[in-house]
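Reproduced below: final-v4.pdb, with PDB, C-alpha atoms.
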```
ATOM      1  CA  GLU A 879      87.759  89.766 105.306
ATOM      2  CA  ASP A 880      89.625  86.455 105.453
ATOM      3  CA  PHE A 881      93.004  86.318 107.185
ATOM      4  CA  SER A 882      92.946  82.513 107.466
ATOM      5  CA  CYS A 883      96.720  81.924 107.230
ATOM      6  CA  LEU A 884      97.917  84.356 109.825
ATOM      7  CA  GLY A 885      98.884  82.056 112.659
ATOM      8  CA  THR A 886      97.378  80.312 115.702
ATOM      9  CA  MET A 887      98.140  82.926 118.325
ATOM     10  CA  ILE A 888      97.063  84.375 121.642
ATOM     11  CA  SER A 889      94.910  87.425 121.012
ATOM     12  CA  VAL A 890      96.308  90.897 121.653
ATOM     13  CA  PRO A 891      93.813  91.500 124.490
ATOM     14  CA  GLN A 892      94.887  88.274 126.244
ATOM     15  CA  LEU A 893      98.546  89.199 125.979
ATOM     16  CA  ILE A 894      97.941  92.730 127.200
ATOM     17  CA  ALA A 895      96.026  91.350 130.159
ATOM     18  CA  ALA A 896      98.930  89.088 131.042
ATOM     19  CA  SER A 897     101.412  91.953 130.978
ATOM     20  CA  ILE A 898      99.563  94.920 132.476
ATOM     21  CA  GLY A 899      96.584  93.474 134.308
ATOM     22  CA  ALA A 900      93.119  92.379 133.360
ATOM     23  CA  SER A 901      91.411  95.426 134.817
ATOM     24  CA  ILE A 902      93.050  97.730 132.294
ATOM     25  CA  VAL A 903      92.131  95.559 129.349
ATOM     26  CA  VAL A 904      88.440  95.028 130.102
ATOM     27  CA  GLY A 905      87.366  97.834 127.792
ATOM     28  CA  ILE A 906      89.674  96.668 125.004
ATOM     29  CA  THR A 907      88.540  93.057 125.330
ATOM     30  CA  SER A 908      84.868  93.944 125.256
ATOM     31  CA  THR A 909      85.360  96.039 122.131
ATOM     32  CA  TYR A 910      87.144  93.210 120.311
ATOM     33  CA  ALA A 911      84.720  90.568 121.588
ATOM     34  CA  GLY A 912      81.797  92.578 120.263
ATOM     35  CA  SER A 913      83.181  92.438 116.738
ATOM     36  CA  ALA A 914      81.872  89.554 114.649
ATOM     37  CA  LEU A 915      84.695  90.161 112.189
ATOM     38  CA  TYR A 916      87.329  89.839 114.918
ATOM     39  CA  ARG A 917      85.771  86.611 116.225
ATOM     40  CA  ALA A 918      85.697  85.144 112.734
ATOM     41  CA  ILE A 919      89.344  86.012 112.115
ATOM     42  CA  SER A 920      90.415  84.651 115.514
ATOM     43  CA  LYS A 921      88.839  81.257 114.803
ATOM     44  CA  ARG A 922      90.522  80.951 111.413
ATOM     45  CA  LEU A 923      94.104  81.938 112.269
ATOM     46  CA  LYS A 924      96.647  79.304 111.168
ATOM     47  CA  ALA A 925     100.434  79.368 111.064
ATOM     48  CA  CYS A 926     101.929  81.801 108.587
ATOM     49  CA  LYS A 927     104.567  80.464 106.241
ATOM     50  CA  ILE A 928     107.789  82.488 106.266
ATOM     51  CA  VAL A 929     109.918  82.185 103.129
ATOM     52  CA  GLN A 930     113.198  83.538 101.808
ATOM     53  CA  GLY A 931     112.813  87.069 100.446
ATOM     54  CA  ALA A 932     113.901  88.271  97.022
ATOM     55  CA  SER A 933     117.011  89.922  98.448
ATOM     56  CA  GLY A 934     118.449  86.577  99.544
ATOM     57  CA  ARG A 935     120.592  86.091 102.653
ATOM     58  CA  ALA A 936     118.665  86.538 105.911
ATOM     59  CA  HIS A 937     115.755  88.331 104.206
ATOM     60  CA  TYR A 938     112.423  86.793 105.135
ATOM     61  CA  THR A 939     108.900  87.533 103.966
ATOM     62  CA  LEU A 940     105.407  86.037 103.955
ATOM     63  CA  ALA A 941     104.593  83.400 101.373
ATOM     64  CA  PRO A 942     101.898  84.522  98.907
ATOM     65  CA  SER A 943      98.441  83.569 100.141
ATOM     66  CA  PRO A 944      94.887  84.890 100.083
ATOM     67  CA  ALA A 945      95.411  86.377 103.552
ATOM     68  CA  VAL A 946      98.547  88.245 102.507
ATOM     69  CA  ARG A 947      96.704  89.565  99.472
ATOM     70  CA  LYS A 948      93.949  90.791 101.805
ATOM     71  CA  ILE A 949      96.476  92.824 103.775
ATOM     72  CA  ALA A 950      97.991  94.143 100.540
ATOM     73  CA  SER A 951      94.583  95.102  99.169
ATOM     74  CA  ALA A 952      93.936  97.291 102.231
ATOM     75  CA  TYR A 953      97.184  99.266 101.806
ATOM     76  CA  LYS A 954      96.635 102.481  99.815
ATOM     77  CA  TRP A 955      99.207 104.632  98.093
ATOM     78  CA  TYR A 956      98.999 108.203  96.755
ATOM     79  CA  SER A 957     100.709 110.064  93.926
ATOM     80  CA  PRO A 958     102.832 113.200  94.531
ATOM     81  CA  ALA A 959      99.770 115.391  93.934
ATOM     82  CA  PHE A 960      98.142 113.970  97.073
ATOM     83  CA  SER A 961     101.215 113.263  99.211
ATOM     84  CA  PRO A 962     103.384 115.190 101.665
ATOM     85  CA  LYS A 963     106.533 114.066  99.796
ATOM     86  CA  ASP A 964     107.510 114.040  96.128
ATOM     87  CA  VAL A 965     107.735 110.280  95.607
ATOM     88  CA  PRO A 966     106.005 108.163  92.920
ATOM     89  CA  ARG A 967     103.966 106.291  95.521
ATOM     90  CA  PHE A 968     103.465 107.419  99.110
ATOM     91  CA  TYR A 969     102.235 104.386 101.069
ATOM     92  CA  ASP A 970      99.616 105.309 103.650
ATOM     93  CA  MET A 971     100.061 103.508 106.968
ATOM     94  CA  ALA A 972      96.707 104.944 108.068
ATOM     95  CA  SER A 973      94.930 102.669 105.596
ATOM     96  CA  LEU A 974      96.001  99.782 107.856
ATOM     97  CA  THR A 975      95.423 101.426 111.232
ATOM     98  CA  GLU A 976      91.940 102.584 110.212
ATOM     99  CA  SER A 977      90.913  98.978 109.465
ATOM    100  CA  PRO A 978      90.941  97.275 112.888
ATOM    101  CA  ALA A 979      90.735  93.729 111.520
ATOM    102  CA  THR A 980      93.566  94.297 109.039
ATOM    103  CA  PHE A 981      95.753  96.090 111.566
ATOM    104  CA  LYS A 982      95.240  93.374 114.165
ATOM    105  CA  ALA A 983      96.151  90.721 111.581
ATOM    106  CA  VAL A 984      99.448  92.543 110.929
ATOM    107  CA  ILE A 985     100.196  92.942 114.656
ATOM    108  CA  ASP A 986      99.424  89.264 115.297
ATOM    109  CA  ILE A 987     101.991  88.210 112.681
ATOM    110  CA  TYR A 988     104.687  90.041 114.637
ATOM    111  CA  VAL A 989     103.439  88.859 118.026
ATOM    112  CA  GLU A 990     103.636  85.242 116.895
ATOM    113  CA  ARG A 991     107.070  85.772 115.346
ATOM    114  CA  TYR A 992     108.576  87.503 118.380
ATOM    115  CA  SER A 993     106.892  85.630 121.245
ATOM    116  CA  ARG A 994     109.074  82.540 120.859
ATOM    117  CA  ARG A 995     111.874  81.852 123.327
ATOM    118  CA  GLY A 996     114.947  83.946 122.593
ATOM    119  CA  GLY A 997     112.912  86.717 120.938
ATOM    120  CA  PRO A 998     113.583  90.441 121.263
ATOM    121  CA  THR A 999     113.803  92.100 124.653
ATOM    122  CA  ILE A1000     112.943  95.538 123.211
ATOM    123  CA  ILE A1001     110.865  96.808 120.293
ATOM    124  CA  ALA A1002     112.162 100.104 118.854
ATOM    125  CA  GLY A1003     109.993 102.086 116.440
ATOM    126  CA  TYR A1004     111.162 104.674 113.930
ATOM    127  CA  ASP A1005     109.762 108.193 113.962
ATOM    128  CA  ALA A1006     106.928 108.358 113.200
ATOM    129  CA  ARG A1007     104.959 105.540 111.580
ATOM    130  CA  GLY A1008     107.070 102.931 113.342
ATOM    131  CA  PHE A1009     105.504 104.214 116.567
ATOM    132  CA  ALA A1010     102.013 103.161 115.462
ATOM    133  CA  LEU A1011     103.238  99.726 114.426
ATOM    134  CA  GLY A1012     105.773  98.970 117.146
ATOM    135  CA  ALA A1013     103.885 100.075 120.261
ATOM    136  CA  PRO A1014     101.061  97.493 120.105
ATOM    137  CA  ILE A1015     103.583  94.735 119.352
ATOM    138  CA  ALA A1016     105.612  95.651 122.447
ATOM    139  CA  VAL A1017     102.527  95.905 124.673
ATOM    140  CA  ALA A1018     101.307  92.506 123.474
ATOM    141  CA  LEU A1019     104.706  90.953 124.216
ATOM    142  CA  GLY A1020     105.047  92.711 127.576
ATOM    143  CA  ILE A1021     108.419  94.259 126.689
ATOM    144  CA  PRO A1022     109.556  97.912 126.480
ATOM    145  CA  PHE A1023     108.851 100.071 123.448
ATOM    146  CA  VAL A1024     111.618 102.551 122.628
ATOM    147  CA  LEU A1025     111.144 105.603 120.395
ATOM    148  CA  LEU A1026     113.750 106.333 117.744
ATOM    149  CA  ARG A1027     113.253 110.081 117.301
ATOM    150  CA  LYS A1028     114.499 112.414 114.601
ATOM    151  CA  ASP A1029     116.799 115.345 115.236
ATOM    152  CA  CYS A1030     117.103 115.263 119.039
ATOM    153  CA  LYS A1031     113.352 115.574 119.647
ATOM    154  CA  SER A1032     113.498 113.359 122.741
ATOM    155  CA  PRO A1033     114.157 114.873 126.183
ATOM    156  CA  GLY A1034     116.973 113.786 128.462
ATOM    157  CA  VAL A1035     120.535 112.778 127.619
ATOM    158  CA  LEU A1036     120.753 111.498 124.047
ATOM    159  CA  VAL A1037     122.960 109.658 121.578
ATOM    160  CA  GLU A1038     122.639 110.457 117.892
ATOM    161  CA  SER A1039     123.257 108.536 114.666
ATOM    162  CA  SER A1040     125.117 109.707 111.605
ATOM    163  CA  GLY A1041     123.044 111.595 109.048
ATOM    164  CA  TYR A1042     121.152 109.529 106.503
ATOM    165  CA  GLU A1043     119.534 110.052 103.109
ATOM    166  CA  LYS A1044     115.997 109.047 102.220
ATOM    167  CA  GLU A1045     114.062 108.274  99.049
ATOM    168  CA  TYR A1046     113.005 111.922  98.771
ATOM    169  CA  ALA A1047     115.214 115.009  98.810
ATOM    170  CA  GLU A1048     115.212 117.300 101.843
ATOM    171  CA  GLU A1049     117.239 120.386 102.686
ATOM    172  CA  LYS A1050     118.383 119.007 106.025
ATOM    173  CA  VAL A1051     119.927 115.577 106.562
ATOM    174  CA  ASP A1052     118.016 113.655 109.239
ATOM    175  CA  LYS A1053     119.610 111.903 112.203
ATOM    176  CA  MET A1054     118.091 109.437 114.648
ATOM    177  CA  CYS A1055     118.461 109.729 118.406
ATOM    178  CA  LEU A1056     117.889 107.555 121.476
ATOM    179  CA  ARG A1057     117.682 108.468 125.140
ATOM    180  CA  VAL A1058     120.692 107.104 127.000
ATOM    181  CA  GLY A1059     119.561 104.183 129.152
ATOM    182  CA  SER A1060     116.606 103.185 126.971
ATOM    183  CA  ILE A1061     118.701 100.479 125.284
ATOM    184  CA  LYS A1062     121.437  98.715 127.224
ATOM    185  CA  ARG A1063     124.318  96.410 126.436
ATOM    186  CA  GLY A1064     123.050  92.898 125.805
ATOM    187  CA  ASP A1065     119.500  93.891 124.780
ATOM    188  CA  ARG A1066     118.014  92.182 121.722
ATOM    189  CA  VAL A1067     116.287  94.914 119.719
ATOM    190  CA  ALA A1068     113.720  94.454 116.957
ATOM    191  CA  LEU A1069     113.604  97.635 114.870
ATOM    192  CA  VAL A1070     110.196  98.390 113.351
ATOM    193  CA  ASP A1071     109.146 100.726 110.538
ATOM    194  CA  ASP A1072     106.353 100.913 108.007
ATOM    195  CA  LEU A1073     108.560 100.820 104.920
ATOM    196  CA  ILE A1074     112.089 100.156 103.690
ATOM    197  CA  ALA A1075     113.149 102.230 100.696
ATOM    198  CA  THR A1076     116.797 103.315 100.375
ATOM    199  CA  GLY A1077     117.756 101.740 103.714
ATOM    200  CA  GLY A1078     119.114 104.960 105.210
ATOM    201  CA  THR A1079     116.591 105.212 108.022
ATOM    202  CA  ALA A1080     117.028 101.539 108.881
ATOM    203  CA  ILE A1081     120.817 101.853 109.030
ATOM    204  CA  ALA A1082     120.633 104.878 111.355
ATOM    205  CA  GLY A1083     118.699 102.902 113.956
ATOM    206  CA  MET A1084     120.803  99.768 113.513
ATOM    207  CA  GLN A1085     123.978 101.814 113.934
ATOM    208  CA  LEU A1086     122.792 103.257 117.249
ATOM    209  CA  VAL A1087     121.752  99.875 118.632
ATOM    210  CA  GLU A1088     125.026  98.224 117.627
ATOM    211  CA  GLU A1089     127.208 101.041 118.976
ATOM    212  CA  LEU A1090     125.400 100.881 122.338
ATOM    213  CA  GLY A1091     126.465  97.251 122.681
ATOM    214  CA  ALA A1092     123.024  95.774 122.030
ATOM    215  CA  GLU A1093     122.094  93.252 119.330
ATOM    216  CA  VAL A1094     119.988  94.133 116.295
ATOM    217  CA  PHE A1095     117.658  91.154 116.600
ATOM    218  CA  GLU A1096     115.873  92.026 113.361
ATOM    219  CA  PHE A1097     114.825  94.944 111.220
ATOM    220  CA  THR A1098     111.275  94.722 109.965
ATOM    221  CA  ALA A1099     108.982  96.770 107.737
ATOM    222  CA  VAL A1100     105.511  96.148 106.361
ATOM    223  CA  VAL A1101     106.453  97.222 102.819
ATOM    224  CA  SER A1102     109.679  96.852 100.846
ATOM    225  CA  LEU A1103     110.555  98.839  97.708
ATOM    226  CA  PRO A1104     113.043  96.476  96.004
ATOM    227  CA  VAL A1105     113.769  98.891  93.144
ATOM    228  CA  LEU A1106     115.558 101.234  95.608
ATOM    229  CA  GLN A1107     117.834  98.399  96.812
ATOM    230  CA  GLY A1108     117.548  99.333 100.480
ATOM    231  CA  ILE A1109     118.296  95.826 101.732
ATOM    232  CA  ASP A1110     121.429  95.623  99.564
ATOM    233  CA  LYS A1111     122.605  98.933 101.037
ATOM    234  CA  ILE A1112     122.092  97.628 104.561
ATOM    235  CA  ARG A1113     124.165  94.565 103.693
ATOM    236  CA  SER A1114     127.060  96.607 102.313
ATOM    237  CA  TYR A1115     127.133  99.213 105.123
ATOM    238  CA  LYS A1116     130.569  99.479 106.796
ATOM    239  CA  GLN A1117     132.049  96.453 105.046
ATOM    240  CA  GLY A1118     129.062  94.310 105.877
ATOM    241  CA  VAL A1119     128.576  94.821 109.616
ATOM    242  CA  PHE A1120     124.856  94.025 109.091
ATOM    243  CA  LYS A1121     125.296  91.484 106.286
ATOM    244  CA  ASP A1122     123.733  88.664 108.340
ATOM    245  CA  THR A1123     121.214  90.688 110.367
ATOM    246  CA  PRO A1124     117.713  89.279 109.775
ATOM    247  CA  ILE A1125     115.334  91.496 107.791
ATOM    248  CA  PHE A1126     111.625  90.675 107.707
ATOM    249  CA  THR A1127     109.177  92.361 105.307
ATOM    250  CA  LEU A1128     105.502  91.488 104.938
ATOM    251  CA  LEU A1129     104.873  92.884 101.443
ATOM    252  CA  ASP A1130     106.637  94.504  98.520
ATOM    253  CA  ASP A1131     105.209  97.216  96.304
ATOM    254  CA  ASP A1132     104.474  94.752  93.487
ATOM    255  CA  THR A1133     102.121  92.896  95.845
ATOM    256  CA  ILE A1134     100.192  96.102  96.530
ATOM    257  CA  GLY A1135      99.780  97.064  92.869
ATOM    258  CA  ASP A1136      98.321  99.886  90.810
ATOM    259  CA  ALA A1137      94.708  99.304  91.832
ATOM    260  CA  ASN A1138      95.441 100.551  95.364
ATOM    261  CA  GLY A1139      95.992 104.152  94.302
ATOM    262  CA  GLY A1140      93.986 106.443  96.565
ATOM    263  CA  ASP A1141      93.969 109.648  94.491
ATOM    264  CA  PRO A1142      90.400 110.920  94.089
ATOM    265  CA  LYS A1143      89.154 110.737  90.521
ATOM    266  CA  GLY A1144      88.215 113.947  88.724
ATOM    267  CA  TRP A1145      89.571 116.229  91.442
ATOM    268  CA  LYS A1146      88.624 119.854  90.754
ATOM    269  CA  GLU A1147      89.269 121.481  94.131
ATOM    270  CA  GLY A1148      92.731 122.884  93.456
ATOM    271  CA  GLY A1149      95.096 121.794  96.240
ATOM    272  CA  ARG A1150      94.597 118.763  98.457
ATOM    273  CA  VAL A1151      94.050 120.725 101.697
ATOM    274  CA  LEU A1152      90.400 121.702 102.153
ATOM    275  CA  LYS A1153      88.476 124.009 104.411
ATOM    276  CA  THR A1154      86.550 122.046 107.018
ATOM    277  CA  SER A1155      83.339 123.501 105.581
ATOM    278  CA  ASP A1156      84.043 121.671 102.288
ATOM    279  CA  ALA A1157      85.052 118.331 103.808
ATOM    280  CA  ASN A1158      81.659 116.599 103.889
ATOM    281  CA  ARG A1159      80.753 117.726 100.378
ATOM    282  CA  CYS A1160      84.065 116.478  98.949
ATOM    283  CA  MET A1161      83.845 113.226 100.879
ATOM    284  CA  LEU A1162      80.527 112.469  99.172
ATOM    285  CA  GLN A1163      81.409 113.940  95.780
ATOM    286  CA  TYR A1164      84.726 112.107  95.399
ATOM    287  CA  GLY A1165      84.035 108.995  97.474
ATOM    288  CA  LEU A1166      86.739 109.782 100.048
ATOM    289  CA  SER A1167      87.106 107.329 102.914
TER     290      SER A1167
END
```
Kindly present the structure from the file in structure tokens form.
Amino acid sequence: EDFSCLGTMISVPQLIAASIGASIVVGITSTYAGSALYRAISKRLKACKIVQGASGRAHYTLAPSPAVRKIASAYKWYSPAFSPKDVPRFYDMASLTESPATFKAVIDIYVERYSRRGGPTIIAGYDARGFALGAPIAVALGIPFVLLRKDCKSPGVLVESSGYEKEYAEEKVDKMCLRVGSIKRGDRVALVDDLIATGGTAIAGMQLVEELGAEVFEFTAVVSLPVLQGIDKIRSYKQGVFKDTPIFTLLDDDTIGDANGGDPKGWKEGGRVLKTSDANRCMLQYGLS
């Protein structure tokens, strides 16, 4: 896999070592160093070009390139028949995390972007896929990672957002919460999620950060769904309180394309949840991976 445009950067293991001590990172470093693919990618990293996004003002994205297409080609989506939610395409964050080279390429983009002087002082990830994406970014930068939880699932004393709607219907309106003290006045907070659809989830986190007296440094997501106009909704929220807040997306759903559908062909097993005794047979029969 060729990620040759993704920036001349310090590796994640080096950054982790700087922030939490070399002894802890020995195992991680040896694992990465033993990977020929990782070494090849590391040698070929060059600066990523950031361009204006389709949504205009303060929306940034990656310029089309072979490396960006490589990331997009690794990102699978599933139809409602094979998804936990009734949406046309459910984008599977696990298809990135299960490919170490691809996932590291994505993390390195953010590390390069946020490691410059005046970058964020906190990374906050949205429940739940934002946790997988945001935590390694924060560790690499040596700054705190804060969990934005749904429906008061964090312990301690909490603050809670207004309810928000998502791209799929649910009986109960979700709210985001933060533990009091995790974000303080004057912090610069980069908010991280896997996807931006209607913008409701993004706004909930941005609202909390702003009302606590901190700055929304940037909202970022790997995938944008422009047809749902989420960025426009963020811009118009409360007479434009976030109209100039930077938004950074790596890909949109057009970049990912139809060929990335992960539904198994010729499925004859009934529902999508199998008995463990059938898993190996179905994996071979339907080419599941």
The PyMOL selection byres ((chain A and resi 1056) around 12) resolved against shown file, as a PDB file with C-alpha atoms, in the coordinates of the input:
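What ended up in result-v1.pdb:
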```pdb
ATOM      1  CA  ALA A1002     112.162 100.104 118.854  1.00  0.00           C
ATOM      2  CA  GLY A1003     109.993 102.086 116.440  1.00  0.00           C
ATOM      3  CA  TYR A1004     111.162 104.674 113.930  1.00  0.00           C
ATOM      4  CA  ASP A1005     109.762 108.193 113.962  1.00  0.00           C
ATOM      5  CA  PHE A1023     108.851 100.071 123.448  1.00  0.00           C
ATOM      6  CA  VAL A1024     111.618 102.551 122.628  1.00  0.00           C
ATOM      7  CA  LEU A1025     111.144 105.603 120.395  1.00  0.00           C
ATOM      8  CA  LEU A1026     113.750 106.333 117.744  1.00  0.00           C
ATOM      9  CA  ARG A1027     113.253 110.081 117.301  1.00  0.00           C
ATOM     10  CA  LYS A1028     114.499 112.414 114.601  1.00  0.00           C
ATOM     11  CA  ASP A1029     116.799 115.345 115.236  1.00  0.00           C
ATOM     12  CA  CYS A1030     117.103 115.263 119.039  1.00  0.00           C
ATOM     13  CA  LYS A1031     113.352 115.574 119.647  1.00  0.00           C
ATOM     14  CA  SER A1032     113.498 113.359 122.741  1.00  0.00           C
ATOM     15  CA  PRO A1033     114.157 114.873 126.183  1.00  0.00           C
ATOM     16  CA  GLY A1034     116.973 113.786 128.462  1.00  0.00           C
ATOM     17  CA  VAL A1035     120.535 112.778 127.619  1.00  0.00           C
ATOM     18  CA  LEU A1036     120.753 111.498 124.047  1.00  0.00           C
ATOM     19  CA  VAL A1037     122.960 109.658 121.578  1.00  0.00           C
ATOM     20  CA  GLU A1038     122.639 110.457 117.892  1.00  0.00           C
ATOM     21  CA  SER A1039     123.257 108.536 114.666  1.00  0.00           C
ATOM     22  CA  LYS A1053     119.610 111.903 112.203  1.00  0.00           C
ATOM     23  CA  MET A1054     118.091 109.437 114.648  1.00  0.00           C
ATOM     24  CA  CYS A1055     118.461 109.729 118.406  1.00  0.00           C
ATOM     25  CA  ARG A1057     117.682 108.468 125.140  1.00  0.00           C
ATOM     26  CA  VAL A1058     120.692 107.104 127.000  1.00  0.00           C
ATOM     27  CA  GLY A1059     119.561 104.183 129.152  1.00  0.00           C
ATOM     28  CA  SER A1060     116.606 103.185 126.971  1.00  0.00           C
ATOM     29  CA  ILE A1061     118.701 100.479 125.284  1.00  0.00           C
ATOM     30  CA  LYS A1062     121.437  98.715 127.224  1.00  0.00           C
ATOM     31  CA  ALA A1082     120.633 104.878 111.355  1.00  0.00           C
ATOM     32  CA  GLY A1083     118.699 102.902 113.956  1.00  0.00           C
ATOM     33  CA  MET A1084     120.803  99.768 113.513  1.00  0.00           C
ATOM     34  CA  GLN A1085     123.978 101.814 113.934  1.00  0.00           C
ATOM     35  CA  LEU A1086     122.792 103.257 117.249  1.00  0.00           C
ATOM     36  CA  VAL A1087     121.752  99.875 118.632  1.00  0.00           C
ATOM     37  CA  GLU A1089     127.208 101.041 118.976  1.00  0.00           C
ATOM     38  CA  LEU A1090     125.400 100.881 122.338  1.00  0.00           C
TER      39      LEU A1090
END
```
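Between CA of Leu1011 in chain A and CA of Ala1157 in chain A lies a distance of 28.1 Å.
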Could you give me, as a compact mmCIF listing (two decimals) with C-alpha atoms, in the frame of the given file, the residues that sit within 10 Å of (110.9, 101.0, 99.7) in the file's coordinates, counting all atoms listed in the file?
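And here's result_23.txt as it stands now:
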```
# COMPACT_ATOMS: atom_id res chain seq x y z
CA ARG A 967 103.97 106.29 95.52
CA PHE A 968 103.46 107.42 99.11
CA TYR A 969 102.24 104.39 101.07
CA LYS A 1044 116.00 109.05 102.22
CA GLU A 1045 114.06 108.27 99.05
CA ASP A 1072 106.35 100.91 108.01
CA LEU A 1073 108.56 100.82 104.92
CA ILE A 1074 112.09 100.16 103.69
CA ALA A 1075 113.15 102.23 100.70
CA THR A 1076 116.80 103.32 100.38
CA GLY A 1077 117.76 101.74 103.71
CA ALA A 1099 108.98 96.77 107.74
CA VAL A 1100 105.51 96.15 106.36
CA VAL A 1101 106.45 97.22 102.82
CA SER A 1102 109.68 96.85 100.85
CA LEU A 1103 110.56 98.84 97.71
CA PRO A 1104 113.04 96.48 96.00
CA VAL A 1105 113.77 98.89 93.14
CA LEU A 1106 115.56 101.23 95.61
CA GLN A 1107 117.83 98.40 96.81
CA GLY A 1108 117.55 99.33 100.48
CA ILE A 1109 118.30 95.83 101.73
CA ASP A 1130 106.64 94.50 98.52
CA ASP A 1131 105.21 97.22 96.30
```
Between CA of Val984 in chain A and CA of Ala945 in chain A, what is the distance in Å, rounded to a tenth?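 CA of Ala945 in chain A lies 10.4 Å from CA of Val984 in chain A.
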Determine the residue set returned by the PyMOL selection byres ((chain A and resi 958) around 12) for the present structure, and present it as a PDB file with C-alpha atoms, in the coordinates of the input.
```
ATOM      1  CA  TRP A 955      99.207 104.632  98.093  1.00  0.00           C
ATOM      2  CA  TYR A 956      98.999 108.203  96.755  1.00  0.00           C
ATOM      3  CA  SER A 957     100.709 110.064  93.926  1.00  0.00           C
ATOM      4  CA  ALA A 959      99.770 115.391  93.934  1.00  0.00           C
ATOM      5  CA  PHE A 960      98.142 113.970  97.073  1.00  0.00           C
ATOM      6  CA  SER A 961     101.215 113.263  99.211  1.00  0.00           C
ATOM      7  CA  PRO A 962     103.384 115.190 101.665  1.00  0.00           C
ATOM      8  CA  LYS A 963     106.533 114.066  99.796  1.00  0.00           C
ATOM      9  CA  ASP A 964     107.510 114.040  96.128  1.00  0.00           C
ATOM     10  CA  VAL A 965     107.735 110.280  95.607  1.00  0.00           C
ATOM     11  CA  PRO A 966     106.005 108.163  92.920  1.00  0.00           C
ATOM     12  CA  ARG A 967     103.966 106.291  95.521  1.00  0.00           C
ATOM     13  CA  PHE A 968     103.465 107.419  99.110  1.00  0.00           C
ATOM     14  CA  TYR A 969     102.235 104.386 101.069  1.00  0.00           C
ATOM     15  CA  TYR A1046     113.005 111.922  98.771  1.00  0.00           C
ATOM     16  CA  GLY A1139      95.992 104.152  94.302  1.00  0.00           C
ATOM     17  CA  GLY A1140      93.986 106.443  96.565  1.00  0.00           C
ATOM     18  CA  ASP A1141      93.969 109.648  94.491  1.00  0.00           C
ATOM     19  CA  GLY A1149      95.096 121.794  96.240  1.00  0.00           C
ATOM     20  CA  ARG A1150      94.597 118.763  98.457  1.00  0.00           C
TER      21      ARG A1150
END
```
Shell around Gly1165 in chain A at 12 Å using only C-alpha atoms, local window under 3 positions removed, as a PyMOL selection string: chain A and resi 1140-1145+1157-1162
Select, from A:Asp1156, A:Ser951, A:Tyr988, A:Met971, the residue with the minimum atom-to-atom distance to Leu1128 in chain A, counting all atoms listed in the file. A:Tyr988
In terms of the shortest atom-to-atom distance over all atoms listed in the file, which of A:Leu1019, A:Val1067, A:Ala979, A:Ala972 is closest to Gly1091 in chain A? A:Val1067
Could you state which residues are captured by the PyMOL selection byres ((chain A and resi 1012) around 7) in this file, as number ranges by chain? A: 1001-1003, 1008-1011, 1013-1016, 1070
